[in-house]
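A short write-up of the structure that comes next.
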Amino acid sequence: MTSVCETLNAPQQEAVRTTEGPLLILAGAGSGKTRTLTHRIAYLIEEKGVDPWHILAITFTNKAAEEMKSRVEAMTPQGGSVFVSTFHACCARILRGYADRLGYTKSFTIYDTEDQKVLMRRIIKDRDLDPKIYNEKDVLRQISSLKDEVVTAEEYASRPGSFREQKIAELYTEYQKRLLMADAMDFDDLLVNTVLLFRENEDVLAKYRDRFRYILVDEYQDTNTAQFVFVEMLAHEHRNLCVVGDDDQSIYKFRGANIGNILHFEEAFPGAKVIRLEQNYRSTKNILAAANQVISHNEGRMDKTLWSDKPEGDRVALREYADSREEAREIAKDIEKERGRFPYGACAVLYRTNSQSRLLEEAFVDRGIPYVLVGGTNFYERREIKDLLAYLKTVANAWDDVAVRRIINVPRRGIGDTTVEKVAALAGQEGITFWDALQRFAESPEAGKAAALKLKAFLELIGSFREAAKELRVAELIDLILDKSGYREALKEEGEIEAEARLENLTELQNKATGLEDEAGDPEALGRFLEQVALVADVDEMETGTDRVTLMTMHSAKGLEFPKVYLAGMEQDLFPGARSLYSGNDEDLEEERRLCYVGFTRAQEKLILTAARVRMVNGQTQVHNTSQFIDEIDPLSLKRERNASMFGPREGSERQMKKDYEAGRISSFGRKGQSVGWTDFGDSFGFGEMPKMRGSVRPQGSGPVSSYFSSQEEKIREASQSAGDLASGDRVSQKRYGKGTVVEVKQGKRDLEVTVDFDNFGRKVMLAGFAGFEKIEE
DNA sequence: TCGAGAATTGTTTTT
DNA sequence: CAATTCTCGA
């Protein structure tokens, strides 16, 4: 064990040896914090003789938990019995033991985001609120942020607030009531309810305080208030709390992460010791320099400087492309070209939004490059999986209305909306669950003969599953359900490729259940399975060790590292995203910048930034400048690579079209609804979709979209200017389009028509760089 | 009741 | 460009 410590640097060793009292480890990116943490746990066990039973380690993902556990186990034989887990899994575990104290049963189910939305939508509907004004997403977001701060429905309702806030409070209250009735908790509830459990049950709190005498929390910068409260309660007595974090890597403010937790740790835990890990073992000097330069633009950071004694390495590369498709293709090409130095498994392509993965995937498929996509639509969120899980939930928990209603007519069994609504109404007025109402309704004369028959068949079907569950393993139960419900049959009949994929997914789910190691008929196993499934993150499922390129968001990449990293889409308005740029709140921009820092510091040897000039975003062609973060890098650390495809002669039809256009041979080209033209900047070439336009293109205003039009008057004026001066007889009209605004100027006499589109932020949307179009021919 | 086609609308990031 | 909701006819 002492020899183990020798491989650590001085501050790391100190962090390992400071076992008693509160400790904040400020660990910069790549400073070996996981190593330090695992050594610390091993040290506690080996040197301090602490029983692993008394140690709790909280990680950010299940994957990180597993990894930490196996690393500790490799160092000390007892290491395997340390409780390493995520906040959510840990809370779920505690609640499984004591949920009855809160009015739940111990086999409560967990609602995911979709379940939450379904439930909330129903509540809003039942209360006759305008779903436009109270849309479930907004309401849920507000409730979620209240839960992040451990504000209960009662507390919130008792606070004075605006009319809307009072309505939200009512919805919150009702939502919690229905969750309780359904014996279900949402993600946030896992934390909040655990805190409430501790608050109201002295004995439970005492038990866990006694058990977890040494607590470690990783990625502390991304904890929210609820998590802080949870940890504080547990650590209150023994005060052996060690948190590790890096304020520069806090990227989850949007889901309630409270950076104050780390900034004010010393105040919350007086006498806390602070140790800084500032030596980076991961990246070359150039990469680190670029990362440091970018992050230095943020204000209010904790004082620390990351350094490295690694070689200089290559400069950070910047490559610009004409459009996003080309960007994707060139990345794929480049990966293939350098395969000798960087095998596929050594490469990662990171991006800001999940939607960017599509083009990359296409490019990789085209070249036959193997890749793993992390994130996007979670496996467990796919329709067929959710359907089957709803069956399982219905079997496990008859109160779960959302689950029952999901499957009552899946596959089709002739129970339509009308019937379902009647049952729901009955449930509402009697104050019983949907399931109970279903039983009553099937017997009542109100149900038509045909409907009653169908309902009874459904009830019997579920009943038979419940019976069967008593003597089957979960995997076998799944098989039975697929079979007897007719679900598998229905999919097979479709016969489409998509249906086949769905069947494969179901088989995969079954395989996961097979790996469960449950006894036949074990009543807990089903609940365990459902819980496991509810709490997995995308990264948890990531395979490692295969020679494949990794594609994922920068958020998902937190905590990971790769020899070669591409950051795709380094474009203003995409990264940093328009949302953060125009919110009027600098903190939003700073969070994006931290995300950029996280992205940069994933790279060990080579970092390549790419940007596209023209990109489709939500079906709209947008022209982007390179990200401001690029300007924040010292030019000496950056290598702007001019690539032939962008600045040299262009190939194929686009080039020909350009010539034709210039020579006046054609006045318009492109497919229906599209036109093509030149942008003012660079030499790039873009397609712009112009649904309202026909005819040829006259380049007008172009360049970065910086103007900001807030009032309707301004928008109209701007649109008019694009059309030229207004004359009498011109008609100006405006209409809402989504959240944006479209202003149309029709100048009848001169046969000129202009449409200018404004996005959510009031910025004029430039269609591939053009603001105005002259209509020449029909 | 149900499906097809039209219309609308939406978007960071995720445990 | 999706994905979802709406509308309408059978």
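Order determines the names: the first chain of the structure tokens is A, the second B, and so forth; residues in each chain are numbered 1 upward, and ligands are numbered 1 upward as they are shown.
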Practice prompt. When you get a sec, could you note down which chain B residues fall within 12 Å of chain A, using only C-alpha atoms (C1' of nucleotides), as a ChimeraX atom specification?
Written response: /B:1-2,8-15
Discussion item. Taking only C-alpha atoms (C1' of nucleotides) into account and nothing else, which residues of chain C lie no more than 12 Å away from chain A? Please answer as a ChimeraX atom specification.
Written reply: /C:1-3
Fill in: Nearby residues (only C-alpha atoms (C1' of nucleotides)) at most 12 Å from Asp518 of chain A, same-chain spacing under 5 positions excluded, as a list in words
Glu471, Leu472, Arg473, Val474, Ala475, Glu476, Leu477, Lys512, Ala513, Pro523, Glu524, Ala525, Leu526, Gly527, Arg528 and Phe529 of chain A
Write a file of the just-selected residues containing N, CA, C and O atoms, as an mmCIF file, in the first residue's frame.
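Just written: again-v5.cif:
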```cif
data_model
loop_
_atom_site.group_PDB
_atom_site.id
_atom_site.type_symbol
_atom_site.label_atom_id
_atom_site.label_comp_id
_atom_site.auth_asym_id
_atom_site.auth_seq_id
_atom_site.Cartn_x
_atom_site.Cartn_y
_atom_site.Cartn_z
ATOM 1 N N GLU A 471 -43.992 -17.683 -10.956
ATOM 2 C CA GLU A 471 -43.096 -18.832 -11.097
ATOM 3 C C GLU A 471 -42.131 -18.742 -12.258
ATOM 4 O O GLU A 471 -41.543 -19.744 -12.647
ATOM 5 N N LEU A 472 -42.003 -17.543 -12.792
ATOM 6 C CA LEU A 472 -41.088 -17.401 -13.920
ATOM 7 C C LEU A 472 -39.958 -16.431 -13.593
ATOM 8 O O LEU A 472 -40.088 -15.582 -12.711
ATOM 9 N N ARG A 473 -38.887 -16.595 -14.353
ATOM 10 C CA ARG A 473 -37.838 -15.588 -14.270
ATOM 11 C C ARG A 473 -38.271 -14.417 -15.144
ATOM 12 O O ARG A 473 -39.140 -14.564 -16.007
ATOM 13 N N VAL A 474 -37.664 -13.270 -14.915
ATOM 14 C CA VAL A 474 -38.083 -12.073 -15.648
ATOM 15 C C VAL A 474 -37.981 -12.291 -17.159
ATOM 16 O O VAL A 474 -38.894 -11.946 -17.920
ATOM 17 N N ALA A 475 -36.888 -12.895 -17.573
ATOM 18 C CA ALA A 475 -36.696 -13.118 -19.009
ATOM 19 C C ALA A 475 -37.803 -14.004 -19.589
ATOM 20 O O ALA A 475 -38.287 -13.770 -20.699
ATOM 21 N N GLU A 476 -38.195 -14.971 -18.807
ATOM 22 C CA GLU A 476 -39.258 -15.862 -19.274
ATOM 23 C C GLU A 476 -40.599 -15.142 -19.326
ATOM 24 O O GLU A 476 -41.402 -15.343 -20.242
ATOM 25 N N LEU A 477 -40.782 -14.290 -18.351
ATOM 26 C CA LEU A 477 -42.012 -13.504 -18.308
ATOM 27 C C LEU A 477 -42.120 -12.616 -19.540
ATOM 28 O O LEU A 477 -43.182 -12.505 -20.158
ATOM 29 N N LYS A 512 -30.871 -8.754 -21.696
ATOM 30 C CA LYS A 512 -30.492 -8.026 -20.493
ATOM 31 C C LYS A 512 -31.145 -8.656 -19.262
ATOM 32 O O LYS A 512 -30.555 -8.747 -18.197
ATOM 33 N N ALA A 513 -32.395 -9.077 -19.442
ATOM 34 C CA ALA A 513 -33.102 -9.700 -18.327
ATOM 35 C C ALA A 513 -32.510 -11.068 -18.005
ATOM 36 O O ALA A 513 -32.474 -11.489 -16.844
ATOM 37 N N PRO A 523 -40.215 -12.037 -6.386
ATOM 38 C CA PRO A 523 -41.038 -10.836 -6.555
ATOM 39 C C PRO A 523 -40.203 -9.555 -6.619
ATOM 40 O O PRO A 523 -40.637 -8.543 -7.150
ATOM 41 N N GLU A 524 -39.009 -9.593 -6.050
ATOM 42 C CA GLU A 524 -38.181 -8.393 -6.044
ATOM 43 C C GLU A 524 -37.455 -8.198 -7.370
ATOM 44 O O GLU A 524 -37.092 -7.088 -7.725
ATOM 45 N N ALA A 525 -37.232 -9.304 -8.048
ATOM 46 C CA ALA A 525 -36.392 -9.246 -9.247
ATOM 47 C C ALA A 525 -36.970 -8.312 -10.301
ATOM 48 O O ALA A 525 -36.240 -7.531 -10.915
ATOM 49 N N LEU A 526 -38.271 -8.399 -10.485
ATOM 50 C CA LEU A 526 -38.914 -7.579 -11.494
ATOM 51 C C LEU A 526 -38.719 -6.100 -11.173
ATOM 52 O O LEU A 526 -38.356 -5.302 -12.036
ATOM 53 N N GLY A 527 -38.946 -5.758 -9.927
ATOM 54 C CA GLY A 527 -38.748 -4.381 -9.498
ATOM 55 C C GLY A 527 -37.309 -3.941 -9.697
ATOM 56 O O GLY A 527 -37.045 -2.834 -10.169
ATOM 57 N N ARG A 528 -36.387 -4.816 -9.353
ATOM 58 C CA ARG A 528 -34.965 -4.497 -9.520
ATOM 59 C C ARG A 528 -34.642 -4.235 -10.981
ATOM 60 O O ARG A 528 -33.939 -3.297 -11.328
ATOM 61 N N PHE A 529 -35.189 -5.088 -11.813
ATOM 62 C CA PHE A 529 -34.945 -4.959 -13.240
ATOM 63 C C PHE A 529 -35.462 -3.614 -13.751
ATOM 64 O O PHE A 529 -34.771 -2.877 -14.444
#
```
Worksheet item: In Å to one decimal, how far is atom CA of Ile25 of chain A from atom CA of Thr194 of chain A?
Response: 26.3 Å
Discussion item. Residues near DT7 of chain C, anyone? I mean within 12 Å using only C-alpha atoms (C1' of nucleotides), not counting same-chain ones fewer than 2 positions away, as JSON, numbers by chain.
Written reply: {"B": [3, 4, 5, 6, 7], "C": [5, 9]}
Write a file of the just-selected residues containing N, CA and C atoms (P, O5', C5', C4', C3', O3' and C1' of nucleotides), as a short mmCIF file (atom, residue, chain, number, x, y, z; two decimals), in the first residue's frame.
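Just written: again19.cif:
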```
data_model
loop_
_atom_site.label_atom_id
_atom_site.label_comp_id
_atom_site.auth_asym_id
_atom_site.auth_seq_id
_atom_site.Cartn_x
_atom_site.Cartn_y
_atom_site.Cartn_z
P DG B 3 -54.76 1.13 -37.30
"O5'" DG B 3 -54.27 1.59 -38.74
"C5'" DG B 3 -55.03 1.22 -39.89
"C4'" DG B 3 -55.09 2.41 -40.80
"C3'" DG B 3 -53.74 3.07 -41.03
"O3'" DG B 3 -53.42 2.94 -42.40
"C1'" DG B 3 -55.43 4.69 -40.57
P DA B 4 -52.00 3.31 -42.90
"O5'" DA B 4 -52.35 4.56 -43.83
"C5'" DA B 4 -53.55 4.56 -44.60
"C4'" DA B 4 -53.74 5.95 -45.15
"C3'" DA B 4 -52.44 6.64 -45.55
"O3'" DA B 4 -52.66 7.34 -46.76
"C1'" DA B 4 -53.55 7.93 -43.90
P DG B 5 -51.43 7.92 -47.52
"O5'" DG B 5 -51.66 9.47 -47.32
"C5'" DG B 5 -52.90 10.05 -47.74
"C4'" DG B 5 -52.99 11.43 -47.14
"C3'" DG B 5 -51.76 12.30 -47.41
"O3'" DG B 5 -52.22 13.56 -47.86
"C1'" DG B 5 -52.23 12.24 -45.10
P DA B 6 -51.27 14.76 -48.14
"O5'" DA B 6 -51.73 15.76 -46.99
"C5'" DA B 6 -53.13 16.02 -46.82
"C4'" DA B 6 -53.30 16.98 -45.67
"C3'" DA B 6 -52.39 18.21 -45.75
"O3'" DA B 6 -53.15 19.33 -45.34
"C1'" DA B 6 -51.95 17.04 -43.75
P DA B 7 -52.60 20.78 -45.48
"O5'" DA B 7 -52.25 21.09 -43.96
"C5'" DA B 7 -53.27 20.96 -42.97
"C4'" DA B 7 -52.62 21.13 -41.62
"C3'" DA B 7 -51.68 22.34 -41.54
"O3'" DA B 7 -52.07 23.06 -40.39
"C1'" DA B 7 -50.60 20.40 -40.73
P DT C 5 -48.13 14.22 -29.53
"O5'" DT C 5 -49.14 15.10 -30.37
"C5'" DT C 5 -48.93 16.50 -30.49
"C4'" DT C 5 -49.89 17.06 -31.52
"C3'" DT C 5 -51.35 16.69 -31.27
"O3'" DT C 5 -52.13 17.88 -31.40
"C1'" DT C 5 -50.73 16.15 -33.48
P DG C 9 -64.14 14.11 -45.14
"O5'" DG C 9 -64.07 12.73 -45.92
"C5'" DG C 9 -62.86 12.30 -46.55
"C4'" DG C 9 -62.72 10.81 -46.38
"C3'" DG C 9 -64.01 10.02 -46.59
"O3'" DG C 9 -63.76 8.92 -47.43
"C1'" DG C 9 -63.06 9.48 -44.48
#
```
Discussion item. If DSSP is run on the backbone, what residues of segment 20-260 of chain A are alpha helix (DSSP H)? A reply as a ChimeraX atom specification would be ideal.
Written reply: /A:33-46,62-75,87-98,113-126,136-148,153-158,163-181,187-200,202-211,225-235,260
Worksheet item: Looking at A:Arg101, A:Arg383, A:Arg127, A:Arg315, which one is nearest to Leu636 of chain A, with distances taken over only C-alpha atoms?
Response: A:Arg315
Worksheet entry | One-decimal distance in Å that lies between atom CA of Val533 of chain A and atom CA of Leu234 of chain A |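 Those two atoms sit 26.7 Å apart.
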